[in-house]
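Okay, so here's the structure we're looking at.
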Amino acid sequence: MTEMQKQRASSKDETEIQALIEKWAKAVREENREGIRADHDSEILMFDVPPPFLSRGLDAYMETWETFFSQAEKPIAFNLHNMEITAGEEVAFATAIGRCVNVDPKGKREELEFRLTMGLQKIDGRWRVMHEHHSLPAE
């Protein structure tokens, strides 16, 4: 493969990954659980802000979204910006800054800006999320 062909392939992969992430974020805003899990591998490893800090497997990953939905202001705000994607032939990673709004049990509204990192692998020609990491800056 020539250098130009590699660049075109990488650009195509980056575009596919960006669309996958945007579709996932839209599913979160819509509380669409099937959409959230759609491109995640069955063996996903996730590091999250609220406990459990580590979730392994798609069922455990989806349980973390129930916690999020129970604490999120409605309608759900879940917006990403500053997305950067680096894609090789079989693996890729993406980073972004996100915003969401939580409401604590006393009704206090909390706007959060979080960091998102995703690790992806191309399996049978399709990008799959293998690792997802959400974090908040330390105060």
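Going by the structure tokens order, chains are called A, B, ..., each with residues numbered from 1, while ligands are numbered from 1 in the order shown.
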Inset, instruction - Can you list, as a PyMOL selection string, all residues belonging to chain A that DSSP tags as alpha helix (DSSP H)? - result: chain A and resi 3-29+33-37+58-71
Legend entry - Close residues, segment 78-88 of chain A itself excluded, 7 Å, only C-alpha atoms, min 4 positions apart in chain, as a PyMOL selection string: chain A and resi 10+13-14+25+28-29+92-100
Inset, instruction - Can you check which residues of chain A DSSP gives as strand (DSSP E or B) on the backbone and send them as a VMD selection string? - result: chain A and resid 40 to 47 54 to 56 72 78 to 87 91 to 103 109 to 123 126 to 135
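Nearest to Ile36 of chain A of all the residues A:Val129, A:Lys12, A:Glu89, A:Thr67 is A:Val129, based on only C-alpha atoms.
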Legend entry - All residues 12 Å or closer to segment 68-73 of chain A, only C-alpha atoms, same chain fewer than 5 positions away omitted, as a PyMOL selection string: chain A and resi 28-33+48-52+61-63+78+99-112+134
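Nearest-residue note for Ile44 of chain A: choosing from A:Pro137, A:Gly119, A:Gly57, A:Gly125, the minimum distance belongs to A:Gly57, counting only C-alpha atoms.
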